[in-house]
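Novice: Structure supplied as model-v2.tsv; contents: TSV, C-alpha atoms.
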chain	number	residue	atom	x	y	z
A	94	MET	CA	14.01	2.20	7.05
A	95	LEU	CA	14.92	-0.87	9.05
A	96	MET	CA	18.48	-1.89	8.45
A	97	ASN	CA	18.21	-5.65	8.22
A	98	ILE	CA	21.50	-7.45	8.06
A	99	ILE	CA	21.73	-10.59	5.94
A	100	ILE	CA	24.71	-12.94	6.02
A	101	THR	CA	25.82	-15.90	3.97
A	102	THR	CA	26.35	-19.08	5.97
A	103	THR	CA	29.14	-21.58	5.50
A	104	THR	CA	26.80	-23.89	3.58
A	105	GLY	CA	27.05	-21.72	0.50
A	106	ARG	CA	25.93	-18.59	-1.25
A	107	ASP	CA	22.37	-19.78	-1.61
A	108	SER	CA	21.98	-20.14	2.16
A	109	ILE	CA	21.29	-16.56	3.15
A	110	LYS	CA	20.06	-16.12	6.72
A	111	ASN	CA	18.32	-13.17	8.30
A	112	ILE	CA	20.13	-12.42	11.57
A	113	MET	CA	17.79	-10.13	13.43
A	114	SER	CA	19.76	-9.97	16.68
A	115	VAL	CA	22.83	-8.65	14.87
A	116	THR	CA	20.62	-6.01	13.27
A	117	LYS	CA	19.48	-4.96	16.75
A	118	THR	CA	23.08	-4.79	17.96
A	119	PHE	CA	24.19	-2.60	15.07
A	120	THR	CA	21.12	-0.39	15.47
A	121	GLY	CA	22.14	0.14	19.10
A	122	VAL	CA	25.68	1.05	18.01
A	123	LEU	CA	24.26	3.50	15.48
A	124	VAL	CA	22.10	5.13	18.17
A	125	GLY	CA	25.28	5.57	20.23
A	126	LEU	CA	27.01	7.17	17.24
A	127	ALA	CA	24.01	9.44	16.65
A	128	ILE	CA	24.23	10.58	20.27
A	129	GLU	CA	28.00	11.08	20.02
A	130	LYS	CA	27.53	13.18	16.87
A	131	GLY	CA	24.75	15.23	18.48
A	132	PHE	CA	21.96	14.01	16.19
A	133	ILE	CA	20.11	12.49	19.16
A	134	GLU	CA	20.40	14.19	22.54
A	135	SER	CA	19.92	11.34	25.00
A	136	VAL	CA	18.70	7.78	25.43
A	137	ASN	CA	16.31	9.24	27.99
A	138	ASP	CA	14.48	11.26	25.32
A	139	PRO	CA	10.95	10.16	24.51
A	140	VAL	CA	10.50	8.80	20.99
A	141	SER	CA	7.78	11.39	20.43
A	142	LYS	CA	10.51	14.05	20.45
A	143	TYR	CA	11.79	12.58	17.21
A	144	LEU	CA	8.78	10.87	15.64
A	145	THR	CA	5.98	13.40	16.15
A	146	GLY	CA	4.70	14.27	12.70
A	147	ILE	CA	5.67	10.85	11.39
A	148	VAL	CA	3.35	8.87	13.66
A	149	THR	CA	0.43	9.79	15.86
A	150	PHE	CA	0.81	8.80	19.48
A	151	PRO	CA	-2.55	7.61	20.87
A	152	ASP	CA	-1.69	8.45	24.49
A	153	ASP	CA	0.97	9.89	26.79
A	154	ILE	CA	2.26	6.45	27.77
A	155	LYS	CA	3.30	5.65	24.21
A	156	ALA	CA	4.47	9.21	23.54
A	157	ASN	CA	6.82	8.91	26.53
A	158	ILE	CA	8.43	5.60	25.58
A	159	THR	CA	12.15	6.39	25.66
A	160	ILE	CA	14.96	5.55	23.31
A	161	ASN	CA	16.49	3.63	26.23
A	162	GLN	CA	13.36	1.47	26.54
A	163	LEU	CA	13.55	0.71	22.82
A	164	LEU	CA	17.24	-0.19	23.11
A	165	LYS	CA	16.49	-2.50	26.04
A	166	MET	CA	13.39	-3.85	24.28
A	167	THR	CA	11.16	-3.15	27.25
A	168	ILE	CA	8.20	-1.65	25.40
A	169	ARG	CA	6.34	-4.97	25.78
A	170	ALA	CA	4.27	-4.93	22.62
A	171	PHE	CA	3.80	-8.12	20.62
A	172	LEU	CA	6.14	-7.86	17.66
A	173	ASN	CA	8.73	-10.58	17.63
A	174	GLY	CA	9.92	-11.98	14.32
A	175	THR	CA	11.19	-15.14	15.98
A	176	SER	CA	7.83	-16.18	17.40
A	177	GLU	CA	5.11	-18.02	15.52
A	178	SER	CA	2.56	-15.72	17.14
A	179	SER	CA	4.48	-12.71	15.85
A	180	LEU	CA	2.87	-9.85	14.04
A	181	PHE	CA	6.10	-9.29	12.09
A	182	GLU	CA	4.70	-10.23	8.69
A	183	GLU	CA	1.48	-8.28	9.26
A	184	CYS	CA	3.47	-5.21	10.31
A	185	PHE	CA	6.22	-5.21	7.71
A	186	PHE	CA	4.45	-6.71	4.71
A	187	ASP	CA	0.72	-6.12	5.15
A	188	SER	CA	0.37	-2.75	6.90
A	189	GLU	CA	0.39	0.50	4.97
A	190	ASP	CA	2.37	2.31	7.70
A	191	ASN	CA	4.58	0.00	9.74
A	192	LEU	CA	5.74	2.75	12.12
A	193	GLN	CA	2.16	3.63	13.04
A	194	TYR	CA	1.36	-0.07	13.26
A	195	ILE	CA	4.12	-0.52	15.86
A	196	ILE	CA	2.96	2.50	17.88
A	197	ASP	CA	-0.64	1.27	17.77
A	198	LEU	CA	0.16	-2.21	19.12
A	199	PRO	CA	-1.36	-2.78	22.55
A	200	LEU	CA	1.05	-2.62	25.46
A	201	VAL	CA	0.99	-5.62	27.76
A	202	THR	CA	2.83	-3.94	30.65
A	203	THR	CA	4.17	-0.51	31.52
A	204	PRO	CA	7.06	0.41	29.20
A	205	GLY	CA	10.44	-0.09	30.84
A	206	THR	CA	9.40	-2.91	33.16
A	207	VAL	CA	9.60	-6.18	31.20
A	208	PHE	CA	11.93	-7.36	28.43
A	209	ASN	CA	10.29	-8.51	25.20
A	210	TYR	CA	12.38	-9.29	22.11
A	211	SER	CA	11.05	-6.76	19.63
A	212	ASP	CA	11.67	-6.12	15.97
A	213	GLY	CA	9.45	-3.06	16.31
A	214	ALA	CA	11.81	-1.42	18.79
A	215	SER	CA	14.71	-1.56	16.33
A	216	HIS	CA	12.52	-0.29	13.53
A	217	LEU	CA	11.49	2.76	15.60
A	218	LEU	CA	15.15	3.44	16.42
A	219	SER	CA	16.01	3.21	12.74
A	220	ALA	CA	13.24	5.71	11.96
A	221	ILE	CA	14.67	8.13	14.54
A	222	ILE	CA	18.16	7.89	13.01
A	223	THR	CA	16.72	8.39	9.53
A	224	LYS	CA	14.66	11.42	10.56
A	225	GLN	CA	17.51	13.11	12.40
A	226	GLN	CA	19.98	12.69	9.55
A	227	GLU	CA	17.71	12.54	6.52
A	228	LEU	CA	19.79	9.48	5.58
A	229	LYS	CA	18.64	5.89	5.40
A	230	THR	CA	19.94	3.96	8.38
A	231	THR	CA	22.13	1.88	6.06
A	232	ASP	CA	23.69	5.07	4.64
A	233	PHE	CA	24.21	6.44	8.16
A	234	ALA	CA	25.92	3.14	9.11
A	235	LYS	CA	28.13	3.25	6.02
A	236	THR	CA	29.15	6.87	6.57
A	237	PHE	CA	29.69	6.89	10.33
A	238	LEU	CA	30.68	3.30	11.06
A	239	PHE	CA	31.65	0.97	8.23
A	240	ASP	CA	33.64	3.44	6.07
A	241	ARG	CA	35.70	4.33	9.14
A	242	LEU	CA	36.58	0.67	9.75
A	243	VAL	CA	38.38	0.32	6.43
How does this structure look as structure tokens?

Specialist:
Amino acid sequence: MLMNIIITTTTGRDSIKNIMSVTKTFTGVLVGLAIEKGFIESVNDPVSKYLTGIVTFPDDIKANITINQLLKMTIRAFLNGTSESSLFEECFFDSEDNLQYIIDLPLVTTPGTVFNYSDGASHLLSAIITKQQELKTTDFAKTFLFDRLV
């Protein structure tokens, strides 16, 4: 589900780089488009409104994490693909259900209070877009953003 943008650097075609921050930026734009189109009601909605039935929320704190908190990356769970202590590989390559894995990560602080660069936040947002449109996030981006730029 995660739309991960890959670019080619100036050093040649064989130098493909994963640019996670750009992926997060485009995911935020796509959430804005989903709100504009009426597929998502508000950034203040809890993620459980959209992901119940896809993941199981272990408590009310996690069920009430908002789309806004995901966009601002203030859910404060350890999932940062740029850190050596990251659980990125374990989540995205080793777990059977990466969405549930993200939801089950321990929270370090109350959601909404502290910024923490998070690949998991973008992945949850991508899952919300996918569920609301029954389109992969990349197809949603193509239809509602990139095709309109041409």

Novice: Which residues are close to Thr159 (chain A), i.e. within 10 Å by all atoms listed in the file, leaving aside same-chain residues fewer than 6 positions away? Reply as a list in words.

Specialist: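 Here the qualifying residues turn out to be Ser135, Val136, Asn137, Asp138, Pro139, Val140, Ser141, Lys142, Lys165, Thr167, Ile168, Pro204 and Gly205 of chain A.
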
Novice: Keeping only C-alpha atoms, take the residues you just selected and write them out as an mmCIF file, in the frame of the given file.

Specialist:
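Okay, this is what ended up in out.cif:
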data_model
loop_
_atom_site.group_PDB
_atom_site.id
_atom_site.type_symbol
_atom_site.label_atom_id
_atom_site.label_comp_id
_atom_site.auth_asym_id
_atom_site.auth_seq_id
_atom_site.Cartn_x
_atom_site.Cartn_y
_atom_site.Cartn_z
ATOM 1 C CA SER A 135 19.920 11.340 25.000
ATOM 2 C CA VAL A 136 18.700 7.780 25.430
ATOM 3 C CA ASN A 137 16.310 9.240 27.990
ATOM 4 C CA ASP A 138 14.480 11.260 25.320
ATOM 5 C CA PRO A 139 10.950 10.160 24.510
ATOM 6 C CA VAL A 140 10.500 8.800 20.990
ATOM 7 C CA SER A 141 7.780 11.390 20.430
ATOM 8 C CA LYS A 142 10.510 14.050 20.450
ATOM 9 C CA LYS A 165 16.490 -2.500 26.040
ATOM 10 C CA THR A 167 11.160 -3.150 27.250
ATOM 11 C CA ILE A 168 8.200 -1.650 25.400
ATOM 12 C CA PRO A 204 7.060 0.410 29.200
ATOM 13 C CA GLY A 205 10.440 -0.090 30.840
#

Novice: Using only C-alpha atoms, collect all residues at a distance of at most 12 Å from (16.1, -2.1, 23.0) as written in the file, then present them as a PyMOL selection string.

Specialist: chain A and resi 114+116-122+124+136+158-169+204-205+207-219

Novice: For Ile147 (chain A), which residue among A:Thr236, A:Thr231, A:Thr206, A:Asn191 is the nearest when counting only C-alpha atoms?

Specialist: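 With only C-alpha atoms as the atom set, the closest residue is A:Asn191.
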
Novice: One decimal, Å: what's the distance from CA of Leu144 (chain A) over to CA of Lys130 (chain A), could you say?

Specialist: 18.9 Å

Novice: With distances taken over all atoms listed in the file, which residue among A:Leu228, A:Leu200, A:Val243, A:Ile222 lies nearest Asp152 (chain A)?

Specialist: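 Checking each of A:Leu228, A:Leu200, A:Val243, A:Ile222 against Asp152 (chain A), counting all atoms listed in the file, the winner is A:Leu200.
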
Novice: Could you tell me how far CA of Lys229 (chain A) sits from CA of Phe132 (chain A), in Å to one decimal place?

Specialist: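 CA of Lys229 (chain A) lies at a distance of 13.9 Å from CA of Phe132 (chain A).
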
Novice: Can you work out which one of A:Leu238, A:Val201, A:Ile196, A:Ala220 has the shortest atom-to-atom distance to Asp153 (chain A), counting all atoms listed in the file?

Specialist: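 Nearest candidate to Asp153 (chain A) out of A:Leu238, A:Val201, A:Ile196, A:Ala220: A:Ile196.
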
Novice: As an exercise, work out the distance from CA of Gly146 (chain A) to CA of Glu227 (chain A) in Å and give it to one decimal place.

Specialist: 14.5 Å

Novice: Select, from A:Ala127, A:Thr202, A:Asn157, A:Glu189, the residue with the minimum atom-to-atom distance to Phe233 (chain A), counting all atoms listed in the file.

Specialist: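 Of all the options, A:Ala127 lies closest to Phe233 (chain A).
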
Novice: Enclose the full set of atoms of region 155-167 of chain A listed in the file within a box whose edges lie along x, y and z, apply 5 Å of padding to each of the six sides, and report centre and edge lengths in Å to one decimal as JSON.

Specialist:
{"center_x": 10.3, "center_y": 2.7, "center_z": 25.0, "size_x": 23.9, "size_y": 23.1, "size_z": 14.4}
